[in-house]
>>> print(open('protein_14.cif').read())   # mmCIF, C-alpha atoms
data_work
loop_
_atom_site.label_atom_id
_atom_site.label_comp_id
_atom_site.auth_asym_id
_atom_site.auth_seq_id
_atom_site.Cartn_x
_atom_site.Cartn_y
_atom_site.Cartn_z
CA MET V 182 6.25 23.63 11.73
CA ASP V 183 4.45 21.09 9.51
CA THR V 184 6.88 21.58 6.62
CA LEU V 185 9.62 20.16 8.85
CA LEU V 186 7.79 16.85 9.11
CA GLN V 187 8.99 14.00 6.99
CA LEU V 188 5.87 12.02 6.23
CA THR V 189 5.76 9.03 3.89
CA ASP V 190 2.68 7.98 1.94
CA THR V 191 3.45 4.30 1.44
CA HIS V 192 0.52 3.72 -0.92
CA THR V 193 -0.85 6.31 -3.34
CA HIS V 194 -2.17 6.01 -6.90
CA LEU V 195 -0.85 9.38 -8.10
CA TYR V 196 -1.27 8.26 -11.73
CA SER V 197 -5.05 7.81 -11.28
CA GLU V 198 -7.20 9.65 -13.81
CA GLU V 199 -8.99 11.22 -10.84
CA PHE V 200 -5.95 13.50 -10.55
CA ASP V 201 -5.69 14.40 -14.25
CA ALA V 202 -7.10 17.92 -13.71
CA ASP V 203 -4.77 18.97 -10.86
CA ARG V 204 -2.07 16.35 -10.34
CA ASP V 205 0.89 18.70 -9.91
CA ALA V 206 -1.03 21.00 -7.54
CA MET V 207 -2.16 17.95 -5.53
CA ILE V 208 1.41 16.63 -5.24
CA GLN V 209 2.62 20.10 -4.25
CA ARG V 210 -0.05 20.34 -1.52
CA ALA V 211 1.32 17.11 -0.08
CA ILE V 212 4.93 18.28 -0.22
CA ASN V 213 3.90 21.55 1.45
CA VAL V 214 2.62 19.72 4.56
CA GLY V 215 5.68 17.46 4.79
CA VAL V 216 4.70 14.44 2.69
CA SER V 217 7.91 14.17 0.72
CA ARG V 218 7.93 10.45 -0.11
CA PHE V 219 5.30 8.76 -2.27
CA PHE V 220 5.28 5.02 -2.99
CA LEU V 221 3.16 4.08 -6.00
CA PRO V 222 1.67 0.60 -6.30
CA SER V 223 1.13 -0.90 -9.72
CA ILE V 224 -2.33 -2.09 -10.83
CA ASP V 225 -1.64 -3.70 -14.21
CA SER V 226 0.33 -2.96 -17.38
CA SER V 227 -1.95 -0.05 -18.33
CA CYS V 228 -0.47 2.15 -15.58
CA THR V 229 3.22 1.31 -16.11
CA GLN V 230 4.12 4.18 -18.45
CA LYS V 231 2.17 6.71 -16.34
CA MET V 232 4.19 5.62 -13.30
CA TYR V 233 7.48 6.02 -15.17
CA ASP V 234 6.47 9.49 -16.36
CA LEU V 235 5.64 10.63 -12.82
CA GLU V 236 8.87 9.23 -11.43
CA LYS V 237 10.80 11.15 -14.10
CA GLN V 238 9.00 14.34 -13.12
CA TYR V 239 9.57 13.87 -9.35
CA PRO V 240 12.70 11.72 -9.07
CA ASP V 241 13.39 12.72 -5.44
CA ASN V 242 9.86 12.04 -4.20
CA ILE V 243 8.29 9.21 -6.16
CA PHE V 244 9.24 5.54 -5.76
CA LEU V 245 7.65 2.72 -7.72
CA MET V 246 6.37 -0.77 -7.02
CA MET V 247 5.60 -3.37 -9.66
CA GLY V 248 2.84 -5.96 -9.52
CA LEU V 249 -0.58 -7.16 -10.65
CA HIS V 250 -3.51 -6.08 -8.46
CA PRO V 251 -5.88 -8.96 -7.57
CA THR V 252 -9.01 -7.35 -9.03
CA TYR V 253 -7.16 -7.13 -12.36
CA VAL V 254 -6.45 -10.86 -12.39
CA LYS V 255 -8.56 -11.98 -15.39
CA GLU V 256 -8.24 -14.46 -18.26
CA ASN V 257 -5.03 -12.77 -19.41
CA TYR V 258 -3.34 -12.83 -15.99
CA LYS V 259 -0.37 -14.83 -17.23
CA GLU V 260 0.40 -12.14 -19.83
CA GLU V 261 0.14 -9.51 -17.10
CA LEU V 262 2.49 -11.50 -14.84
CA ALA V 263 4.94 -11.78 -17.75
CA ASN V 264 4.88 -7.97 -17.98
CA VAL V 265 5.57 -7.72 -14.23
CA GLU V 266 8.61 -9.98 -14.68
CA LYS V 267 9.80 -8.04 -17.71
CA GLN V 268 9.64 -4.73 -15.83
CA LEU V 269 11.35 -6.19 -12.75
CA ALA V 270 14.22 -7.44 -14.89
CA SER V 271 14.63 -4.07 -16.59
CA ARG V 272 15.04 -1.61 -13.69
CA LYS V 273 14.87 -0.90 -9.96
CA PHE V 274 11.64 -1.12 -7.96
CA TYR V 275 11.09 -0.78 -4.23
CA ALA V 276 8.42 -3.45 -3.69
CA ILE V 277 6.17 -5.94 -5.43
CA GLY V 278 2.68 -4.56 -5.20
CA GLU V 279 -0.04 -4.27 -4.91
CA ILE V 280 -0.69 -7.99 -4.81
CA GLY V 281 -3.08 -10.19 -2.87
CA ILE V 282 -6.65 -11.44 -2.94
CA ASP V 283 -9.92 -9.53 -3.29
CA LEU V 284 -13.22 -11.38 -2.95
CA TYR V 285 -15.37 -8.28 -2.41
CA TRP V 286 -16.43 -7.73 -6.02
CA ASP V 287 -16.07 -11.12 -7.59
CA LYS V 288 -14.99 -14.64 -6.61
CA THR V 289 -14.75 -15.92 -10.21
CA TYR V 290 -10.96 -15.82 -10.35
CA LEU V 291 -10.12 -16.89 -6.81
CA LYS V 292 -7.87 -19.71 -7.96
CA GLU V 293 -6.02 -17.43 -10.39
CA GLN V 294 -5.75 -14.69 -7.73
CA GLN V 295 -4.17 -17.19 -5.32
CA GLU V 296 -1.77 -18.36 -8.01
CA ALA V 297 -0.83 -14.79 -9.03
CA PHE V 298 -0.32 -13.80 -5.37
CA GLN V 299 1.95 -16.74 -4.63
CA TYR V 300 3.89 -16.29 -7.86
CA GLN V 301 4.51 -12.60 -7.13
CA ILE V 302 5.63 -13.37 -3.57
CA GLN V 303 8.19 -15.70 -5.10
CA LEU V 304 9.31 -12.87 -7.42
CA ALA V 305 9.70 -10.62 -4.37
CA LYS V 306 11.98 -13.20 -2.77
CA LYS V 307 13.97 -13.54 -5.98
CA TYR V 308 14.53 -9.77 -6.16
CA GLN V 309 14.80 -9.38 -2.37
CA LEU V 310 11.93 -6.91 -2.32
CA ALA V 311 9.07 -6.21 0.06
CA ILE V 312 5.52 -7.09 -0.88
CA ASN V 313 2.55 -4.73 -0.62
CA ILE V 314 -0.60 -6.72 0.14
CA HIS V 315 -4.14 -5.92 -0.96
CA CYS V 316 -6.69 -7.93 1.04
CA ARG V 317 -10.43 -7.41 0.86
CA ASP V 318 -12.91 -9.92 2.26
CA ALA V 319 -10.09 -12.45 2.03
CA PHE V 320 -8.09 -12.58 5.27
CA ASP V 321 -8.18 -16.37 5.50
CA GLU V 322 -7.17 -16.80 1.86
CA VAL V 323 -4.35 -14.25 2.10
CA PHE V 324 -2.98 -15.75 5.32
CA GLU V 325 -3.08 -19.23 3.79
CA VAL V 326 -0.75 -18.13 0.96
CA LEU V 327 1.48 -16.14 3.33
CA GLU V 328 1.86 -19.15 5.64
CA GLN V 329 2.86 -21.32 2.67
CA GLU V 330 5.51 -18.73 1.74
CA ARG V 331 6.55 -17.85 5.31
CA ALA V 332 10.29 -17.20 5.40
CA THR V 333 12.81 -14.77 6.81
CA ASP V 334 13.04 -13.13 3.37
CA LEU V 335 9.27 -12.58 3.16
CA PHE V 336 8.39 -9.10 4.46
CA GLY V 337 6.31 -6.10 3.51
CA ILE V 338 3.20 -4.07 4.21
CA PHE V 339 -0.36 -5.21 4.80
CA HIS V 340 -1.86 -2.28 2.90
CA CYS V 341 -5.06 -0.65 4.16
CA PHE V 342 -5.18 -2.95 7.17
CA THR V 343 -8.79 -3.37 8.33
CA GLY V 344 -8.54 -6.58 10.35
CA ASP V 345 -8.99 -7.24 14.05
CA PHE V 346 -6.33 -7.38 16.76
CA ASN V 347 -5.60 -11.09 16.23
CA GLN V 348 -5.27 -10.63 12.48
CA ALA V 349 -2.93 -7.70 13.13
CA LYS V 350 -0.73 -9.87 15.35
CA LYS V 351 -0.76 -12.60 12.71
CA ALA V 352 0.31 -10.14 10.00
CA ILE V 353 3.12 -8.79 12.20
CA ASP V 354 4.25 -12.35 12.95
CA LEU V 355 4.61 -12.82 9.18
CA ASN V 356 7.03 -9.82 8.98
CA MET V 357 4.38 -7.39 7.79
CA LYS V 358 3.97 -3.77 8.79
CA LEU V 359 0.38 -2.52 8.95
CA GLY V 360 -0.51 0.18 6.43
CA ILE V 361 -2.79 2.60 8.26
CA GLY V 362 -4.82 5.19 6.37
CA GLY V 363 -8.18 6.92 6.38
CA VAL V 364 -10.03 3.95 7.91
CA ALA V 365 -8.38 4.78 11.26
CA THR V 366 -10.40 8.01 11.29
CA PHE V 367 -13.78 6.38 10.55
CA LYS V 368 -16.27 6.00 13.40
CA ASN V 369 -16.97 2.41 12.32
CA GLY V 370 -13.37 1.68 11.27
CA LYS V 371 -12.70 -0.28 14.49
CA ILE V 372 -8.90 -0.42 14.10
CA ASP V 373 -8.51 2.72 16.23
CA GLN V 374 -9.81 0.67 19.17
CA PHE V 375 -6.76 -1.60 19.39
CA LEU V 376 -4.00 0.21 17.51
CA ASN V 377 -2.46 1.55 20.72
CA GLU V 378 -1.82 -2.09 21.73
CA ILE V 379 0.41 -2.49 18.67
CA ASP V 380 3.94 -1.14 18.85
CA LEU V 381 4.38 1.81 16.52
CA GLN V 382 7.41 0.09 14.96
CA HIS V 383 4.89 -2.09 13.08
CA ILE V 384 2.98 0.84 11.54
CA VAL V 385 3.38 2.80 8.31
CA LEU V 386 1.15 5.58 6.97
CA GLU V 387 -0.69 5.57 3.67
CA THR V 388 -3.61 7.22 1.90
CA ASP V 389 -4.56 4.84 -0.95
CA ALA V 390 -5.42 8.08 -2.77
CA PRO V 391 -7.79 8.69 -4.52
CA TYR V 392 -9.73 6.15 -2.39
CA LEU V 393 -10.68 5.99 1.32
CA ALA V 394 -10.30 9.65 2.26
CA PRO V 395 -10.02 10.26 6.01
CA VAL V 396 -12.50 12.27 8.05
CA PRO V 397 -13.44 15.12 7.46
CA HIS V 398 -13.14 14.32 3.73
CA ARG V 399 -14.74 10.87 3.89
CA GLY V 400 -16.60 10.02 0.71
CA LYS V 401 -14.67 12.60 -1.34
CA ARG V 402 -11.49 12.20 -3.39
CA ASN V 403 -8.51 11.30 -1.24
CA GLU V 404 -5.08 12.86 -1.81
CA SER V 405 -1.59 12.38 -0.43
CA SER V 406 -1.60 15.56 1.68
CA TYR V 407 -4.15 13.79 3.90
CA THR V 408 -1.35 11.55 5.16
CA LEU V 409 -1.00 14.35 7.71
CA LEU V 410 -4.58 13.75 8.94
CA VAL V 411 -3.76 10.07 9.47
CA ALA V 412 -0.62 11.05 11.39
CA GLN V 413 -2.70 13.41 13.54
CA LYS V 414 -5.13 10.58 14.34
CA LEU V 415 -2.26 8.27 15.29
CA ALA V 416 -0.78 11.02 17.46
CA GLU V 417 -4.07 10.98 19.41
CA ILE V 418 -4.15 7.19 19.62
CA TYR V 419 -0.52 6.81 20.71
CA GLN V 420 -0.39 9.99 22.79
CA LEU V 421 2.64 11.22 20.87
CA SER V 422 3.37 14.35 18.84
CA VAL V 423 2.69 14.37 15.10
CA ALA V 424 6.45 14.89 14.59
CA GLU V 425 7.20 11.68 16.53
CA ILE V 426 4.60 9.75 14.50
CA ALA V 427 6.14 11.11 11.28
CA THR V 428 9.70 10.23 12.30
CA ILE V 429 8.89 6.69 13.46
CA THR V 430 6.57 5.73 10.59
CA THR V 431 8.97 7.13 7.96
CA ALA V 432 11.83 5.14 9.54
CA ASN V 433 9.57 2.06 9.34
CA SER V 434 8.92 2.74 5.64
CA LYS V 435 12.68 2.97 5.03
CA ALA V 436 13.16 -0.41 6.70
CA ILE V 437 10.62 -1.93 4.29
CA PHE V 438 11.49 -0.20 1.03
CA GLY V 439 15.23 0.21 1.62
CA ILE V 440 15.05 3.93 0.86
#
>>> encode(input="protein_14.cif", output="structure tokens")
Amino acid sequence: MDTLLQLTDTHTHLYSEEFDADRDAMIQRAINVGVSRFFLPSIDSSCTQKMYDLEKQYPDNIFLMMGLHPTYVKENYKEELANVEKQLASRKFYAIGEIGIDLYWDKTYLKEQQEAFQYQIQLAKKYQLAINIHCRDAFDEVFEVLEQERATDLFGIFHCFTGDFNQAKKAIDLNMKLGIGGVATFKNGKIDQFLNEIDLQHIVLETDAPYLAPVPHRGKRNESSYTLLVAQKLAEIYQLSVAEIATITTANSKAIFGI
């Protein structure tokens, strides 16, 4: 039955070196349980070629985003943004991501992170693409930039959403879907407590593999096949079948990415 599901992992780092030993087997495991669509966020220029190689290998399953991740915003961020622009001008992407603000590790480059986030939102508007937002310990800062850029042509996914109910409503009001992954299965994850108050049309599934593995794999390497575990958790929360969760969340991902 599971192979009939059409699940979409809207955020997976398949090019990560954590998969170097078994990447093809890991991708096949995902396909075998119905995860047939993988959207890969960009981190910085060092992963660009790896993404292209994977897309070439799995042209029917792998779809690419382009962007500069906030924790990789350093002294050379303008060079990195120039690379983002160069790639965007050269071929098709399905979103600008992952972009945003991360104050968990380091606040040194907050100003540059804000500037890079806003600049990349403007690129998304120029290319009529969705954005894929990374936000860690920075809800106020992220919402401040989003409010400045609020527009009918601003839309996307709030990746790995870990906020509260009010922040969820605020994100949805800004045309964002909520990317729900392993955190929904954590005992202290909290989002499972209010998710059923949010219409499923605002939800997409993701793993963020190799990070944030869902229960029962918490603390171990995450992989895209675990999208199914997230779908099973949402089926419990929404009192729907896993097939219904798969159908609705994949349709939502198509609305965002256009494919």
>>> closest_residue(input="protein_14.cif", among="V:Ile426, V:Ala263, V:Ala211, V:Ala311", to="V:Asp380", atoms="only C-alpha atoms")
V:Ile426
>>> closest_atom_pairs(input="protein_14.cif", of="stretch 337-419 of chain V", to="stretch 314-327 of chain V", cutoff="12 Å", atoms="all atoms listed in the file", output="JSON lines")
{"residue": "V:Gly337", "atom": "CA", "partner": "V:Ile314", "partner_atom": "CA", "distance": 7.7}
{"residue": "V:Ile338", "atom": "CA", "partner": "V:Ile314", "partner_atom": "CA", "distance": 6.2}
{"residue": "V:Phe339", "atom": "CA", "partner": "V:Ile314", "partner_atom": "CA", "distance": 4.9}
{"residue": "V:His340", "atom": "CA", "partner": "V:Ile314", "partner_atom": "CA", "distance": 5.4}
{"residue": "V:Cys341", "atom": "CA", "partner": "V:His315", "partner_atom": "CA", "distance": 7.4}
{"residue": "V:Phe342", "atom": "CA", "partner": "V:Cys316", "partner_atom": "CA", "distance": 8.0}
{"residue": "V:Thr343", "atom": "CA", "partner": "V:Arg317", "partner_atom": "CA", "distance": 8.6}
{"residue": "V:Gly344", "atom": "CA", "partner": "V:Phe320", "partner_atom": "CA", "distance": 7.9}
{"residue": "V:Asp345", "atom": "CA", "partner": "V:Phe320", "partner_atom": "CA", "distance": 10.3}
{"residue": "V:Asn347", "atom": "CA", "partner": "V:Phe320", "partner_atom": "CA", "distance": 11.3}
{"residue": "V:Gln348", "atom": "CA", "partner": "V:Phe320", "partner_atom": "CA", "distance": 8.0}
{"residue": "V:Ala349", "atom": "CA", "partner": "V:Phe320", "partner_atom": "CA", "distance": 10.6}
{"residue": "V:Lys350", "atom": "CA", "partner": "V:Phe324", "partner_atom": "CA", "distance": 11.8}
{"residue": "V:Lys351", "atom": "CA", "partner": "V:Phe324", "partner_atom": "CA", "distance": 8.3}
{"residue": "V:Ala352", "atom": "CA", "partner": "V:Phe324", "partner_atom": "CA", "distance": 8.0}
{"residue": "V:Ile353", "atom": "CA", "partner": "V:Phe324", "partner_atom": "CA", "distance": 11.5}
{"residue": "V:Asp354", "atom": "CA", "partner": "V:Leu327", "partner_atom": "CA", "distance": 10.7}
{"residue": "V:Leu355", "atom": "CA", "partner": "V:Leu327", "partner_atom": "CA", "distance": 7.4}
{"residue": "V:Asn356", "atom": "CA", "partner": "V:Leu327", "partner_atom": "CA", "distance": 10.1}
{"residue": "V:Met357", "atom": "CA", "partner": "V:Ile314", "partner_atom": "CA", "distance": 9.2}
{"residue": "V:Lys358", "atom": "CA", "partner": "V:Ile314", "partner_atom": "CA", "distance": 10.2}
{"residue": "V:Leu359", "atom": "CA", "partner": "V:Ile314", "partner_atom": "CA", "distance": 9.8}
{"residue": "V:Gly360", "atom": "CA", "partner": "V:Ile314", "partner_atom": "CA", "distance": 9.3}
{"residue": "V:Asp389", "atom": "CA", "partner": "V:His315", "partner_atom": "CA", "distance": 10.8}
>>> residues_around(input="protein_14.cif", residues="stretch 229-234 of chain V", least_positions_apart="4", cutoff="10 Å", atoms="all atoms listed in the file", output="PyMOL selection string")
chain V and resi 194-197+221-225+238-240+243-248+264-265+268
>>> write_last_selection(input="protein_14.cif", atoms="C-alpha atoms", output="PDB file, in the coordinates of the input")
ATOM      1  CA  HIS V 194      -2.170   6.010  -6.900  1.00  0.00           C
ATOM      2  CA  LEU V 195      -0.850   9.380  -8.100  1.00  0.00           C
ATOM      3  CA  TYR V 196      -1.270   8.260 -11.730  1.00  0.00           C
ATOM      4  CA  SER V 197      -5.050   7.810 -11.280  1.00  0.00           C
ATOM      5  CA  LEU V 221       3.160   4.080  -6.000  1.00  0.00           C
ATOM      6  CA  PRO V 222       1.670   0.600  -6.300  1.00  0.00           C
ATOM      7  CA  SER V 223       1.130  -0.900  -9.720  1.00  0.00           C
ATOM      8  CA  ILE V 224      -2.330  -2.090 -10.830  1.00  0.00           C
ATOM      9  CA  ASP V 225      -1.640  -3.700 -14.210  1.00  0.00           C
ATOM     10  CA  GLN V 238       9.000  14.340 -13.120  1.00  0.00           C
ATOM     11  CA  TYR V 239       9.570  13.870  -9.350  1.00  0.00           C
ATOM     12  CA  PRO V 240      12.700  11.720  -9.070  1.00  0.00           C
ATOM     13  CA  ILE V 243       8.290   9.210  -6.160  1.00  0.00           C
ATOM     14  CA  PHE V 244       9.240   5.540  -5.760  1.00  0.00           C
ATOM     15  CA  LEU V 245       7.650   2.720  -7.720  1.00  0.00           C
ATOM     16  CA  MET V 246       6.370  -0.770  -7.020  1.00  0.00           C
ATOM     17  CA  MET V 247       5.600  -3.370  -9.660  1.00  0.00           C
ATOM     18  CA  GLY V 248       2.840  -5.960  -9.520  1.00  0.00           C
ATOM     19  CA  ASN V 264       4.880  -7.970 -17.980  1.00  0.00           C
ATOM     20  CA  VAL V 265       5.570  -7.720 -14.230  1.00  0.00           C
ATOM     21  CA  GLN V 268       9.640  -4.730 -15.830  1.00  0.00           C
TER      22      GLN V 268
END
>>> atom_distance(input="protein_14.cif", atom1="atom CA of V:Ser406", atom2="atom CA of V:Phe375")
25.2 Å
>>> closest_residue(input="protein_14.cif", among="V:Glu404, V:Glu387, V:Glu266, V:Glu378", to="V:Tyr419", atoms="all atoms listed in the file")
V:Glu378
>>> closest_residue(input="protein_14.cif", among="V:Ile379, V:Ala427, V:Val254, V:Leu304", to="V:Thr289", atoms="all atoms listed in the file")
V:Val254
>>> residues_near_point(input="protein_14.cif", point="(8.3, 9.9, 2.0)", cutoff="8 Å", atoms="only C-alpha atoms", output="list in words")
Gln187, Leu188, Thr189, Asp190, Thr191, Val216, Ser217, Arg218, Phe219, Phe220, Asn242 and Thr431 of chain V
>>> resolve_selection(input="protein_14.cif", expression="the PyMOL selection byres ((chain V and resi 280) around 7)", output="count of residues only")
11
>>> residues_around(input="protein_14.cif", residues="V:Gln382", least_positions_apart="3", cutoff="8 Å", atoms="all atoms listed in the file", output="ChimeraX atom specification")
/V:429-430,433
>>> closest_residue(input="protein_14.cif", among="V:Leu310, V:Leu284, V:Ala394, V:Ile372", to="V:Leu415", atoms="only C-alpha atoms")
V:Ile372
>>> atom_distance(input="protein_14.cif", atom1="atom CA of V:Ile440", atom2="atom CA of V:Thr428")
14.1 Å
>>> residues_around(input="protein_14.cif", residues="stretch 367-371 of chain V", least_positions_apart="2", cutoff="10 Å", atoms="only C-alpha atoms", output="list in words")
Thr343, Gly344, Asp345, Phe346, Gly362, Gly363, Val364, Ala365, Asp373, Gln374, Phe375, Leu376, Leu393, Ala394, Pro395, Val396, Pro397 and Arg399 of chain V
>>> atom_distance(input="protein_14.cif", atom1="atom CA of V:Ile312", atom2="atom CA of V:Gly400")
28.0 Å
>>> axis_aligned_box(input="protein_14.cif", around="stretch 187-199 of chain V", padding_each_side="6 Å", output="lines of an AutoDock Vina configuration file")
center_x = 0.0
center_y = 8.9
center_z = -3.4
size_x = 30.0
size_y = 22.3
size_z = 32.8
>>> closest_residue(input="protein_14.cif", among="V:Gln301, V:Ile212, V:Lys273, V:Trp286", to="V:Lys259", atoms="only C-alpha atoms")
V:Gln301
>>> closest_residue(input="protein_14.cif", among="V:Asn213, V:Thr333, V:Gln309, V:Ser405", to="V:Phe274", atoms="all atoms listed in the file")
V:Gln309
>>> build_atoms(input="protein_14.cif", residues="stretch 303-316 of chain V", atoms="N, CA and C atoms", output="CSV table (one decimal), in the coordinates of the input")
chain,number,residue,atom,x,y,z
V,303,GLN,N,6.9,-15.0,-4.7
V,303,GLN,CA,8.2,-15.7,-5.1
V,303,GLN,C,9.1,-14.8,-5.9
V,304,LEU,N,8.5,-13.9,-6.7
V,304,LEU,CA,9.3,-12.9,-7.4
V,304,LEU,C,9.9,-11.9,-6.4
V,305,ALA,N,9.2,-11.5,-5.4
V,305,ALA,CA,9.7,-10.6,-4.4
V,305,ALA,C,10.9,-11.2,-3.7
V,306,LYS,N,10.8,-12.5,-3.4
V,306,LYS,CA,12.0,-13.2,-2.8
V,306,LYS,C,13.2,-13.2,-3.7
V,307,LYS,N,12.9,-13.5,-5.0
V,307,LYS,CA,14.0,-13.5,-6.0
V,307,LYS,C,14.7,-12.2,-6.1
V,308,TYR,N,13.9,-11.1,-6.0
V,308,TYR,CA,14.5,-9.8,-6.2
V,308,TYR,C,14.8,-9.1,-4.8
V,309,GLN,N,14.6,-9.9,-3.8
V,309,GLN,CA,14.8,-9.4,-2.4
V,309,GLN,C,14.1,-8.1,-2.1
V,310,LEU,N,12.8,-8.1,-2.5
V,310,LEU,CA,11.9,-6.9,-2.3
V,310,LEU,C,10.8,-7.2,-1.3
V,311,ALA,N,10.3,-6.1,-0.8
V,311,ALA,CA,9.1,-6.2,0.1
V,311,ALA,C,7.9,-6.5,-0.8
V,312,ILE,N,6.8,-7.0,-0.2
V,312,ILE,CA,5.5,-7.1,-0.9
V,312,ILE,C,4.5,-6.1,-0.3
V,313,ASN,N,3.6,-5.7,-1.1
V,313,ASN,CA,2.6,-4.7,-0.6
V,313,ASN,C,1.2,-5.4,-0.9
V,314,ILE,N,0.6,-5.8,0.2
V,314,ILE,CA,-0.6,-6.7,0.1
V,314,ILE,C,-1.9,-6.0,0.1
V,315,HIS,N,-2.7,-6.4,-0.9
V,315,HIS,CA,-4.1,-5.9,-1.0
V,315,HIS,C,-5.0,-7.1,-0.5
V,316,CYS,N,-5.8,-6.9,0.5
V,316,CYS,CA,-6.7,-7.9,1.0
V,316,CYS,C,-8.1,-7.3,1.3
